[in-house]
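Structure file final_25.tsv with TSV, C-alpha atoms:
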chain	number	residue	atom	x	y	z
A	1	MET	CA	0.00	0.00	0.00
A	2	LYS	CA	1.14	3.55	-0.72
A	3	ASN	CA	2.31	5.75	2.14
A	4	ILE	CA	0.36	9.03	2.04
A	5	LEU	CA	1.08	12.16	4.11
A	6	PHE	CA	-1.29	15.15	4.48
A	7	VAL	CA	0.33	18.25	6.00
A	8	VAL	CA	-1.50	21.08	7.81
A	9	ASP	CA	-0.16	23.83	10.06
A	10	GLU	CA	-2.70	23.46	12.92
A	11	ARG	CA	-5.99	21.77	13.72
A	12	LYS	CA	-8.33	24.57	14.65
A	13	MET	CA	-11.99	24.49	13.65
A	14	GLY	CA	-12.26	25.93	10.15
A	15	GLY	CA	-12.86	25.21	6.51
A	16	VAL	CA	-9.53	23.49	5.81
A	17	SER	CA	-9.87	21.14	8.79
A	18	ILE	CA	-13.45	20.30	7.83
A	19	VAL	CA	-12.52	19.55	4.22
A	20	LEU	CA	-9.58	17.36	5.25
A	21	ARG	CA	-11.75	15.49	7.75
A	22	ASP	CA	-14.34	14.78	5.05
A	23	ILE	CA	-11.74	13.67	2.50
A	24	LEU	CA	-10.38	11.19	5.02
A	25	ARG	CA	-13.90	9.92	5.67
A	26	PHE	CA	-14.80	9.37	2.04
A	27	ILE	CA	-11.67	8.00	0.38
A	28	ASN	CA	-11.02	4.27	0.69
A	29	ILE	CA	-8.41	4.39	3.44
A	30	ASP	CA	-7.93	0.63	3.27
A	31	LYS	CA	-6.01	1.26	0.02
A	32	TYR	CA	-3.40	3.46	1.71
A	33	ASN	CA	-1.27	3.99	4.79
A	34	ILE	CA	-2.32	7.52	5.72
A	35	ASP	CA	-0.56	9.90	8.12
A	36	VAL	CA	-1.59	13.45	8.98
A	37	MET	CA	1.21	15.83	9.95
A	38	VAL	CA	0.12	18.79	12.12
A	39	LEU	CA	3.08	21.17	12.24
A	40	HIS	CA	1.83	22.93	15.40
A	41	ASN	CA	-0.54	20.94	17.62
A	42	ASN	CA	-2.85	23.89	18.20
A	43	GLY	CA	-6.63	23.34	18.29
A	44	ASP	CA	-8.94	20.45	19.03
A	45	TYR	CA	-10.23	19.46	15.61
A	46	LEU	CA	-9.42	16.25	13.66
A	47	ASN	CA	-9.92	14.19	16.83
A	48	ASP	CA	-12.49	11.87	15.28
A	49	LEU	CA	-10.51	10.47	12.36
A	50	ASN	CA	-10.46	6.75	11.59
A	51	PRO	CA	-8.10	4.95	14.03
A	52	LYS	CA	-6.17	3.64	11.03
A	53	ILE	CA	-4.99	7.19	10.34
A	54	ASN	CA	-1.81	8.12	12.20
A	55	MET	CA	-1.40	11.65	13.60
A	56	ILE	CA	2.10	13.15	13.70
A	57	TYR	CA	3.05	16.46	15.28
A	58	GLY	CA	5.84	18.84	14.37
A	59	THR	CA	8.88	19.77	16.44
A	60	PRO	CA	8.97	22.85	18.70
A	61	PHE	CA	10.48	24.80	15.79
A	62	PHE	CA	7.00	24.96	14.19
A	63	GLU	CA	5.16	26.40	17.21
A	64	SER	CA	4.86	29.86	15.64
A	65	VAL	CA	3.81	28.87	12.12
A	66	ASP	CA	0.06	29.46	12.52
A	67	TYR	CA	0.40	32.88	14.16
A	68	THR	CA	1.04	36.17	12.42
A	69	LEU	CA	4.01	38.26	13.55
A	70	LYS	CA	1.55	40.80	14.96
A	71	GLU	CA	-0.23	38.12	17.03
A	72	VAL	CA	3.08	36.82	18.37
A	73	LEU	CA	4.30	40.29	19.37
A	74	GLU	CA	0.99	41.05	21.09
A	75	SER	CA	1.26	37.80	23.07
A	76	LYS	CA	4.45	39.09	24.77
A	77	ASN	CA	5.59	35.46	24.91
A	78	THR	CA	9.38	35.82	24.61
A	79	LYS	CA	10.03	32.24	23.42
A	80	LEU	CA	7.28	32.43	20.81
A	81	ILE	CA	8.50	35.82	19.58
A	82	PHE	CA	12.04	34.45	19.20
A	83	LYS	CA	10.75	31.41	17.26
A	84	LYS	CA	8.69	33.60	14.95
A	85	LEU	CA	11.55	36.00	14.27
A	86	TYR	CA	13.85	33.04	13.59
A	87	LEU	CA	11.29	31.60	11.14
A	88	VAL	CA	10.98	34.97	9.38
A	89	PHE	CA	14.78	35.20	9.14
A	90	LEU	CA	15.00	31.74	7.55
A	91	LEU	CA	12.27	32.58	5.06
A	92	LYS	CA	13.81	35.95	4.14
A	93	THR	CA	17.29	34.48	3.66
A	94	LYS	CA	15.99	31.35	1.89
A	95	LEU	CA	17.73	29.17	4.47
A	96	ILE	CA	14.37	27.61	5.40
A	97	GLY	CA	14.96	24.59	3.15
A	98	LYS	CA	17.98	23.30	5.08
A	99	LYS	CA	16.14	23.81	8.39
A	100	ILE	CA	13.06	21.93	7.18
A	101	VAL	CA	15.18	18.98	6.02
A	102	LYS	CA	16.63	18.74	9.56
A	103	GLU	CA	13.23	19.07	11.27
A	104	ARG	CA	11.60	16.48	9.00
A	105	LYS	CA	14.19	13.92	10.09
A	106	LYS	CA	13.17	14.48	13.71
A	107	CYS	CA	9.45	13.82	13.25
A	108	LEU	CA	9.04	11.61	10.15
A	109	THR	CA	10.16	7.99	10.29
A	110	LYS	CA	9.39	6.80	6.75
A	111	LYS	CA	9.42	7.92	3.16
A	112	TYR	CA	6.11	8.79	1.48
A	113	ASP	CA	4.88	7.90	-1.97
A	114	VAL	CA	2.58	10.93	-1.96
A	115	GLU	CA	2.78	14.04	0.23
A	116	ILE	CA	0.11	16.74	0.15
A	117	ALA	CA	0.67	20.23	1.54
A	118	PHE	CA	-2.99	20.75	2.39
A	119	LYS	CA	-2.89	24.42	3.36
A	120	ASP	CA	-1.46	27.57	1.82
A	121	GLY	CA	1.74	28.99	3.29
A	122	ILE	CA	4.34	27.19	5.39
A	123	THR	CA	3.01	23.70	4.60
A	124	ALA	CA	4.14	24.26	1.01
A	125	ALA	CA	7.69	24.83	2.23
A	126	PHE	CA	7.54	21.77	4.51
A	127	THR	CA	6.45	19.51	1.66
A	128	GLY	CA	8.41	21.24	-1.10
A	129	TYR	CA	11.75	20.64	0.64
A	130	GLY	CA	10.83	17.06	1.51
A	131	ASP	CA	11.87	13.86	-0.24
A	132	SER	CA	8.47	12.31	-0.99
A	133	LEU	CA	8.17	10.69	-4.41
A	134	LYS	CA	5.12	12.78	-5.42
A	135	LYS	CA	4.33	16.23	-4.03
A	136	TYR	CA	0.99	18.04	-4.32
A	137	HIS	CA	-0.08	21.41	-2.97
A	138	TRP	CA	-3.74	22.21	-2.22
A	139	LEU	CA	-4.83	25.86	-2.60
A	140	HIS	CA	-7.60	27.19	-0.34
A	141	THR	CA	-7.03	30.95	-0.62
A	142	ASP	CA	-8.22	33.87	-2.72
A	143	TYR	CA	-4.79	35.07	-3.86
A	144	SER	CA	-6.22	38.35	-5.11
A	145	LYS	CA	-7.06	39.27	-1.49
A	146	TYR	CA	-4.67	37.33	0.71
A	147	ASP	CA	-1.39	35.53	0.14
A	148	ALA	CA	0.31	33.98	3.17
A	149	ALA	CA	3.60	33.97	1.24
A	150	SER	CA	3.37	37.56	-0.02
A	151	ASN	CA	6.43	38.69	1.98
A	152	TYR	CA	8.50	35.85	0.53
A	153	GLN	CA	7.31	35.69	-3.08
A	154	SER	CA	10.73	35.03	-4.58
A	155	LEU	CA	11.21	32.02	-2.29
A	156	PHE	CA	7.75	30.58	-2.89
A	157	LYS	CA	8.04	30.99	-6.66
A	158	GLU	CA	10.87	28.47	-6.36
A	159	ILE	CA	8.98	26.24	-3.90
A	160	TYR	CA	5.82	25.91	-6.01
A	161	LEU	CA	7.89	24.60	-8.93
A	162	LYS	CA	8.96	21.68	-6.75
A	163	PHE	CA	5.42	20.27	-6.82
A	164	ASP	CA	4.23	17.65	-9.28
A	165	LYS	CA	0.79	19.24	-9.23
A	166	ILE	CA	-1.02	22.24	-7.72
A	167	ILE	CA	-4.64	21.55	-6.74
A	168	ALA	CA	-7.13	24.42	-6.38
A	169	ILE	CA	-10.57	24.29	-4.77
A	170	SER	CA	-12.12	26.30	-7.62
A	171	ASN	CA	-11.31	27.64	-11.06
A	172	SER	CA	-11.32	31.16	-9.63
A	173	VAL	CA	-8.79	30.26	-6.91
A	174	LEU	CA	-6.49	28.72	-9.53
A	175	ARG	CA	-6.81	31.72	-11.83
A	176	GLU	CA	-5.80	34.19	-9.10
A	177	PHE	CA	-2.89	31.96	-7.99
A	178	LEU	CA	-1.50	31.76	-11.53
A	179	LYS	CA	-1.46	35.55	-11.79
A	180	LYS	CA	1.33	35.50	-9.16
A	181	TYR	CA	3.02	32.10	-9.43
A	182	GLN	CA	3.89	29.38	-11.91
A	183	ALA	CA	3.04	25.69	-11.63
A	184	LEU	CA	4.22	22.66	-13.58
A	185	ASN	CA	0.79	21.03	-13.54
A	186	THR	CA	-2.60	22.08	-12.14
A	187	GLU	CA	-6.04	20.64	-11.42
A	188	VAL	CA	-9.28	21.88	-9.86
A	189	ILE	CA	-10.97	19.67	-7.26
A	190	TYR	CA	-13.97	21.19	-5.50
A	191	ASN	CA	-14.39	20.80	-1.75
A	192	LEU	CA	-16.13	17.75	-0.37
A	193	ILE	CA	-19.01	18.01	2.06
A	194	ASP	CA	-20.61	15.15	3.96
A	195	GLU	CA	-24.20	15.75	2.89
A	196	GLU	CA	-25.74	12.84	4.79
A	197	LYS	CA	-23.92	13.67	8.02
A	198	ILE	CA	-24.99	17.33	7.81
A	199	LYS	CA	-28.62	16.30	7.37
A	200	LYS	CA	-28.41	13.75	10.18
A	201	ASP	CA	-26.74	16.19	12.58
A	202	SER	CA	-29.35	18.84	11.81
A	203	LEU	CA	-31.97	16.59	13.43
A	204	LYS	CA	-30.06	15.97	16.67
A	205	GLU	CA	-31.39	19.04	18.44
A	206	ASN	CA	-34.89	20.50	18.43
A	207	ILE	CA	-34.62	24.23	17.76
A	208	ASN	CA	-37.81	26.24	17.91
A	209	TYR	CA	-37.77	29.77	16.54
A	210	ASN	CA	-40.67	32.19	16.56
A	211	LYS	CA	-42.10	31.63	13.09
A	212	LYS	CA	-43.68	35.10	13.14
A	213	GLU	CA	-40.17	36.52	13.04
A	214	LEU	CA	-37.65	36.51	10.22
A	215	ASN	CA	-34.84	34.27	11.48
A	216	LEU	CA	-31.46	34.92	9.88
A	217	ILE	CA	-28.25	33.08	10.72
A	218	SER	CA	-24.55	32.99	9.96
A	219	VAL	CA	-21.90	30.50	11.08
A	220	GLY	CA	-18.19	31.18	10.99
A	221	ARG	CA	-15.06	32.24	12.80
A	222	PHE	CA	-15.36	35.64	14.46
A	223	HIS	CA	-12.54	37.17	12.47
A	224	PRO	CA	-12.52	40.59	10.76
A	225	MET	CA	-12.29	38.84	7.37
A	226	LYS	CA	-15.75	37.32	7.91
A	227	GLY	CA	-17.41	40.74	7.84
A	228	TYR	CA	-19.54	40.36	10.97
A	229	ALA	CA	-18.71	43.85	12.26
A	230	ARG	CA	-19.89	45.22	8.94
A	231	LEU	CA	-23.06	43.14	9.23
A	232	ILE	CA	-23.80	44.59	12.68
A	233	HIS	CA	-23.33	48.14	11.31
A	234	VAL	CA	-25.88	47.30	8.61
A	235	LEU	CA	-28.32	45.85	11.15
A	236	HIS	CA	-27.94	49.00	13.25
A	237	LYS	CA	-28.92	51.10	10.25
A	238	LEU	CA	-31.87	48.82	9.48
A	239	ASP	CA	-32.95	49.13	13.11
A	240	ASN	CA	-32.71	52.92	13.00
A	241	ASP	CA	-34.82	52.86	9.84
A	242	GLY	CA	-37.46	50.81	11.68
A	243	TYR	CA	-37.03	47.49	9.84
A	244	LEU	CA	-35.83	45.09	12.57
A	245	LYS	CA	-39.04	44.86	14.58
A	246	ASP	CA	-39.69	41.20	13.77
A	247	VAL	CA	-36.17	40.08	12.90
A	248	LYS	CA	-33.69	37.90	14.78
A	249	VAL	CA	-30.10	37.48	13.57
A	250	ARG	CA	-28.06	34.66	15.13
A	251	LEU	CA	-24.28	34.44	14.80
A	252	VAL	CA	-22.64	31.11	15.65
A	253	GLY	CA	-18.90	31.02	16.26
A	254	SER	CA	-15.99	32.43	18.21
A	255	GLY	CA	-12.66	34.04	17.45
A	256	PRO	CA	-10.44	37.08	17.83
A	257	ASP	CA	-13.15	39.58	16.87
A	258	GLU	CA	-15.66	38.29	19.43
A	259	ASN	CA	-15.25	41.04	22.04
A	260	ASN	CA	-15.51	43.70	19.35
A	261	LEU	CA	-18.75	42.18	18.05
A	262	LYS	CA	-20.22	42.01	21.55
A	263	GLU	CA	-19.34	45.68	22.11
A	264	LEU	CA	-20.97	46.68	18.84
A	265	VAL	CA	-24.17	44.80	19.67
A	266	LYS	CA	-24.27	46.41	23.11
A	267	ASN	CA	-23.49	49.94	21.90
A	268	TYR	CA	-26.14	49.73	19.20
A	269	ASN	CA	-28.72	48.34	21.71
A	270	LEU	CA	-29.25	45.28	19.51
A	271	GLU	CA	-29.10	42.64	22.27
A	272	ASP	CA	-32.65	41.49	21.54
A	273	LYS	CA	-32.11	41.47	17.76
A	274	VAL	CA	-28.58	40.13	17.26
A	275	LEU	CA	-27.77	37.00	19.26
A	276	LEU	CA	-24.18	35.79	19.54
A	277	LEU	CA	-24.60	32.09	20.31
A	278	GLY	CA	-20.91	31.25	20.72
A	279	PRO	CA	-19.26	28.19	19.14
A	280	LYS	CA	-21.42	25.14	18.45
A	281	LYS	CA	-19.92	21.74	17.66
A	282	ASN	CA	-23.14	21.03	15.80
A	283	PRO	CA	-24.49	24.27	14.27
A	284	TYR	CA	-26.71	22.48	11.76
A	285	PRO	CA	-29.99	22.43	13.78
A	286	TYR	CA	-29.70	26.22	14.12
A	287	VAL	CA	-29.14	26.61	10.39
A	288	LYS	CA	-31.87	24.18	9.36
A	289	ASN	CA	-34.54	26.04	11.32
A	290	SER	CA	-33.58	29.49	10.00
A	291	ASP	CA	-35.27	31.32	7.16
A	292	CYS	CA	-32.08	32.45	5.45
A	293	PHE	CA	-28.31	32.01	5.80
A	294	LEU	CA	-26.08	35.10	5.56
A	295	MET	CA	-22.58	34.92	4.07
A	296	THR	CA	-20.95	38.28	4.74
A	297	SER	CA	-17.19	37.74	4.26
A	298	LEU	CA	-14.97	40.50	2.95
A	299	PHE	CA	-13.34	37.78	0.88
A	300	GLU	CA	-13.81	34.02	0.72
A	301	PRO	CA	-12.14	31.49	-1.61
A	302	PHE	CA	-14.97	28.96	-1.61
A	303	GLY	CA	-17.68	29.41	1.03
A	304	LEU	CA	-18.17	25.90	2.41
A	305	VAL	CA	-20.90	27.17	4.75
A	306	ILE	CA	-22.98	28.12	1.72
A	307	LEU	CA	-23.07	24.52	0.52
A	308	GLU	CA	-23.94	23.32	4.02
A	309	ALA	CA	-26.91	25.71	4.14
A	310	LEU	CA	-28.09	24.65	0.69
A	311	VAL	CA	-27.89	20.98	1.68
A	312	LEU	CA	-30.25	21.84	4.57
A	313	LYS	CA	-32.61	23.53	2.07
A	314	VAL	CA	-31.99	26.99	3.58
A	315	PRO	CA	-31.81	29.91	1.11
A	316	VAL	CA	-28.62	31.98	1.15
A	317	LEU	CA	-27.97	35.68	0.94
A	318	ALA	CA	-24.30	36.00	-0.02
A	319	VAL	CA	-22.03	38.88	-0.86
A	320	GLU	CA	-20.05	38.61	-4.08
A	321	VAL	CA	-16.84	36.66	-3.37
A	322	LEU	CA	-14.32	34.86	-5.54
A	323	SER	CA	-15.96	31.49	-6.29
A	324	ILE	CA	-19.57	32.34	-5.49
A	325	HIS	CA	-20.93	31.69	-8.99
A	326	GLU	CA	-19.17	28.32	-9.14
A	327	ILE	CA	-20.89	27.01	-6.02
A	328	MET	CA	-24.23	28.83	-5.86
A	329	ASP	CA	-26.92	29.32	-8.48
A	330	GLU	CA	-29.13	32.37	-7.89
A	331	LYS	CA	-32.18	30.18	-8.01
A	332	TYR	CA	-31.13	29.11	-4.50
A	333	GLY	CA	-30.63	32.57	-3.03
A	334	ILE	CA	-29.46	36.12	-3.49
A	335	ILE	CA	-25.98	37.40	-4.40
A	336	VAL	CA	-25.40	41.05	-3.54
A	337	GLU	CA	-22.58	43.57	-3.92
A	338	ASN	CA	-19.81	43.01	-1.38
A	339	SER	CA	-20.44	46.21	0.57
A	340	GLU	CA	-22.53	47.57	3.43
A	341	GLU	CA	-24.94	48.99	0.88
A	342	GLY	CA	-25.24	45.62	-0.83
A	343	LEU	CA	-25.96	43.87	2.47
A	344	TYR	CA	-28.43	46.56	3.53
A	345	ASN	CA	-30.44	46.33	0.33
A	346	GLY	CA	-30.32	42.53	0.27
A	347	ILE	CA	-31.50	42.07	3.85
A	348	LEU	CA	-34.10	44.83	3.46
A	349	GLY	CA	-35.52	43.05	0.42
A	350	ILE	CA	-36.03	39.88	2.47
A	351	ILE	CA	-37.53	41.77	5.39
A	352	LYS	CA	-40.03	43.53	3.14
A	353	ASN	CA	-40.94	40.32	1.35
A	354	LYS	CA	-40.26	37.27	3.52
A	355	ASN	CA	-42.39	35.19	1.16
A	356	SER	CA	-39.78	35.72	-1.56
A	357	LEU	CA	-37.70	33.07	0.21
A	358	LYS	CA	-40.30	30.42	-0.62
A	359	LYS	CA	-39.26	30.17	-4.28
A	360	TYR	CA	-35.68	29.49	-3.21
A	361	ARG	CA	-36.82	26.82	-0.75
A	362	ASP	CA	-38.91	25.19	-3.47
A	363	ASN	CA	-35.89	25.12	-5.81
A	364	LEU	CA	-33.71	23.71	-3.03
A	365	GLU	CA	-35.92	20.62	-2.81
A	366	HIS	CA	-34.02	19.45	-5.89
A	367	PHE	CA	-30.56	20.54	-4.71
A	368	SER	CA	-27.90	17.87	-4.30
A	369	TYR	CA	-24.10	18.12	-4.20
A	370	ASN	CA	-22.58	15.25	-6.14
A	371	ILE	CA	-19.39	14.21	-4.36
A	372	ASN	CA	-18.71	10.98	-6.26
A	373	ASP	CA	-16.71	12.70	-9.00
A	374	ILE	CA	-14.72	14.62	-6.36
A	375	ILE	CA	-13.84	11.43	-4.46
A	376	LYS	CA	-12.79	9.77	-7.72
A	377	LYS	CA	-10.51	12.73	-8.59
A	378	ILE	CA	-8.86	12.59	-5.16
A	379	GLU	CA	-8.25	8.84	-5.30
A	380	ASN	CA	-6.90	9.16	-8.86
A	381	LEU	CA	-4.48	11.77	-7.56
A	382	LEU	CA	-3.28	9.45	-4.79
A	383	ASP	CA	-2.93	6.57	-7.26
A	384	GLU	CA	-0.92	8.48	-9.88

Translate this structure into structure tokens?
Amino acid sequence: MKNILFVVDERKMGGVSIVLRDILRFINIDKYNIDVMVLHNNGDYLNDLNPKINMIYGTPFFESVDYTLKEVLESKNTKLIFKKLYLVFLLKTKLIGKKIVKERKKCLTKKYDVEIAFKDGITAAFTGYGDSLKKYHWLHTDYSKYDAASNYQSLFKEIYLKFDKIIAISNSVLREFLKKYQALNTEVIYNLIDEEKIKKDSLKENINYNKKELNLISVGRFHPMKGYARLIHVLHKLDNDGYLKDVKVRLVGSGPDENNLKELVKNYNLEDKVLLLGPKKNPYPYVKNSDCFLMTSLFEPFGLVILEALVLKVPVLAVEVLSIHEIMDEKYGIIVENSEEGLYNGILGIIKNKNSLKKYRDNLEHFSYNINDIIKKIENLLDE
């Protein structure tokens, strides 16, 4: 059997972890010896993988890889600051390759037939400088908005050419990547979702909302990128204009922007209109019982949460982001300009005509996300 290694930088709750989890659920793991390398054992996700899958953790050298320099400096953790500055030095001087070769010998005990750098950024360097027979890099980022390697472009232009193939989660993601970097070979493989599990989990909790109200929901990390502060500004304006009387907006998640969001809700006197529910291991009952899902991100490479809402037959109001037209047909919801004005007008339209959501729900009765072709593409990649 082939030895396969997936590499991620951490295991926090998020889109990349969810996609990797689902890939490892759906591929035939009996065909392979699969290891998952987590460079920095930070987070509590990926705990429920098949026991046949071996988890490996990086050396102390990698403890700063999933933090920005700003986050490290604000932590005032001297050891972490030193490690981050050392990592930056190695990247800037292009000495990172020799260091990675040494660190790999400390934590990897076998040679791999296929190694997949499953996240943008440092995982590409870890895999690129490795000795696996086949090397693939999976792109999850909108490179027109954010590039984790932007400060080291010259280095990463060399690293990406070490890969046998670059995999992107959408045509749009690949297009933006190729505007900055070259690749020897490329392929697009859309994200997997576990449709049956999502539906099953949505029935595990009985959520009762007031049906006389318009119940809106969003699920995601409370990070500035997700646009929740902007959403609350919009809701404040709608409230001032007298439109939030029979509206409830629920936000599920946690993250670095949480205190800011709580302050905004409090300052705008929206505590009875905007409910921050905190993180939920199973958010699907909350989504299933809502009237509409809101996707408000400033930028988003794919929008996995959109597919999850559609699977639960919940219409979506989404701002225009990179791959939106590849994953969502407007017969299932509304796509608006990515701005406060776009959100305001979109939400106002639903408030004024809640019945307009019915046509989307009717169309969603026929929605299904075919994952069989995606699974086949992934297994073909591993078998190459």

Neighbours of Leu216 (chain A) within 7 Å (only C-alpha atoms; same-chain residues fewer than 5 positions away dropped), as a ChimeraX atom specification? /A:248-250,290-294

Of the candidates A:Phe177, A:Tyr344, A:Trp138, A:Tyr143, which one gets nearest to Val8 (chain A) if we count only C-alpha atoms?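 Looking at the shortest contact to Val8 (chain A), the residue is A:Trp138.
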
If we count all atoms listed in the file, what is near Lys135 (chain A) at a cut-off of 8 Å, once residues fewer than 5 positions away on the same chain are taken out, given as a list in words?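 Residues near the query, excluding close chain neighbours: Val114, Glu115, Ile116, Ala117, Thr127, Gly128, Lys162, Phe163, Asp164 and Lys165 of chain A.
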
Distance in Å - CA of Tyr57 (chain A) versus CA of Asn3 (chain A):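 It comes out at 17.0 Å.
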
With a distance cut-off of 8 Å and all atoms listed in the file, select the neighbouring residues of region 65-73 of chain A, excluding the residue or stretch itself and same-chain residues fewer than 5 positions from it, and output the selection as a list in words. Asp9, Glu10, Leu39, His40, Leu80, Ile81, Lys84, Leu85 and Ile122 of chain A

Given only C-alpha atoms as the basis, pick out the residue of A:Asp201, A:Asp246, A:Glu320, A:Asp257 nearest to Asn282 (chain A).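 Checking each of A:Asp201, A:Asp246, A:Glu320, A:Asp257 against Asn282 (chain A), counting only C-alpha atoms, the winner is A:Asp201.
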
Give the answer as one residue: which of A:Ile232, A:Leu357, A:Leu244, A:Ile193 has the shortest atom-to-atom distance to Leu307 (chain A), using only C-alpha atoms? A:Ile193

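When CA of Phe302 (chain A) is paired with CA of Glu176 (chain A), their separation reads 12.9 Å.
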
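Protein and nucleic acid residues near (1.3, 6.4, 4.8) are Met1, Lys2, Asn3, Ile4, Leu5, Tyr32, Asn33, Ile34, Asp35, Val36, Ile53, Asn54, Lys110, Lys111, Tyr112, Asp113 and Val114 of chain A, the criterion being any atom at most 9 Å away using all atoms listed in the file.
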
Between CA of Thr123 (chain A) and CA of Phe82 (chain A) - distance in Å to one decimal: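 Answer for the CA of Phe82 (chain A) to CA of Thr123 (chain A) separation: 20.3 Å.
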
Of the listed residues A:Lys52, A:Arg361, A:Lys288, A:Lys12, that which approaches Arg25 (chain A) most closely, counting only C-alpha atoms: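 Comparing A:Lys52, A:Arg361, A:Lys288, A:Lys12 against Arg25 (chain A), the winner is A:Lys52.
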
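With distances restricted to all atoms listed in the file, A:Val219 is the closest residue to Gly278 (chain A) from A:Val219, A:Val311, A:Ile347, A:Val321.
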
Can you tell me, as a PyMOL selection string, what residues are no more than 10 Å from Ile96 (chain A) when counting only C-alpha atoms, ignoring any on the same chain fewer than 2 positions away? chain A and resi 86-94+98-101+125-126+129+155

Extending 6 Å beyond the listed atoms of region 358-365 of chain A on each side, what axis-aligned box results? I want centre and edge lengths in Å to one decimal, as JSON.
{"center_x": -37.0, "center_y": 25.5, "center_z": -3.2, "size_x": 18.6, "size_y": 21.8, "size_z": 17.2}

Residues within 12 Å of Tyr228 (chain A), please, as a PyMOL selection string. Count only C-alpha atoms; anything in the same chain fewer than 2 positions from it doesn't count. chain A and resi 217-226+230-235+249-262+264-265+274+276+294-298+339-340+343

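For the set A:Lys134, A:His140, A:Arg104, A:Lys79, the residue with the smallest atom-to-atom gap to Lys119 (chain A) is A:His140, counting only C-alpha atoms.
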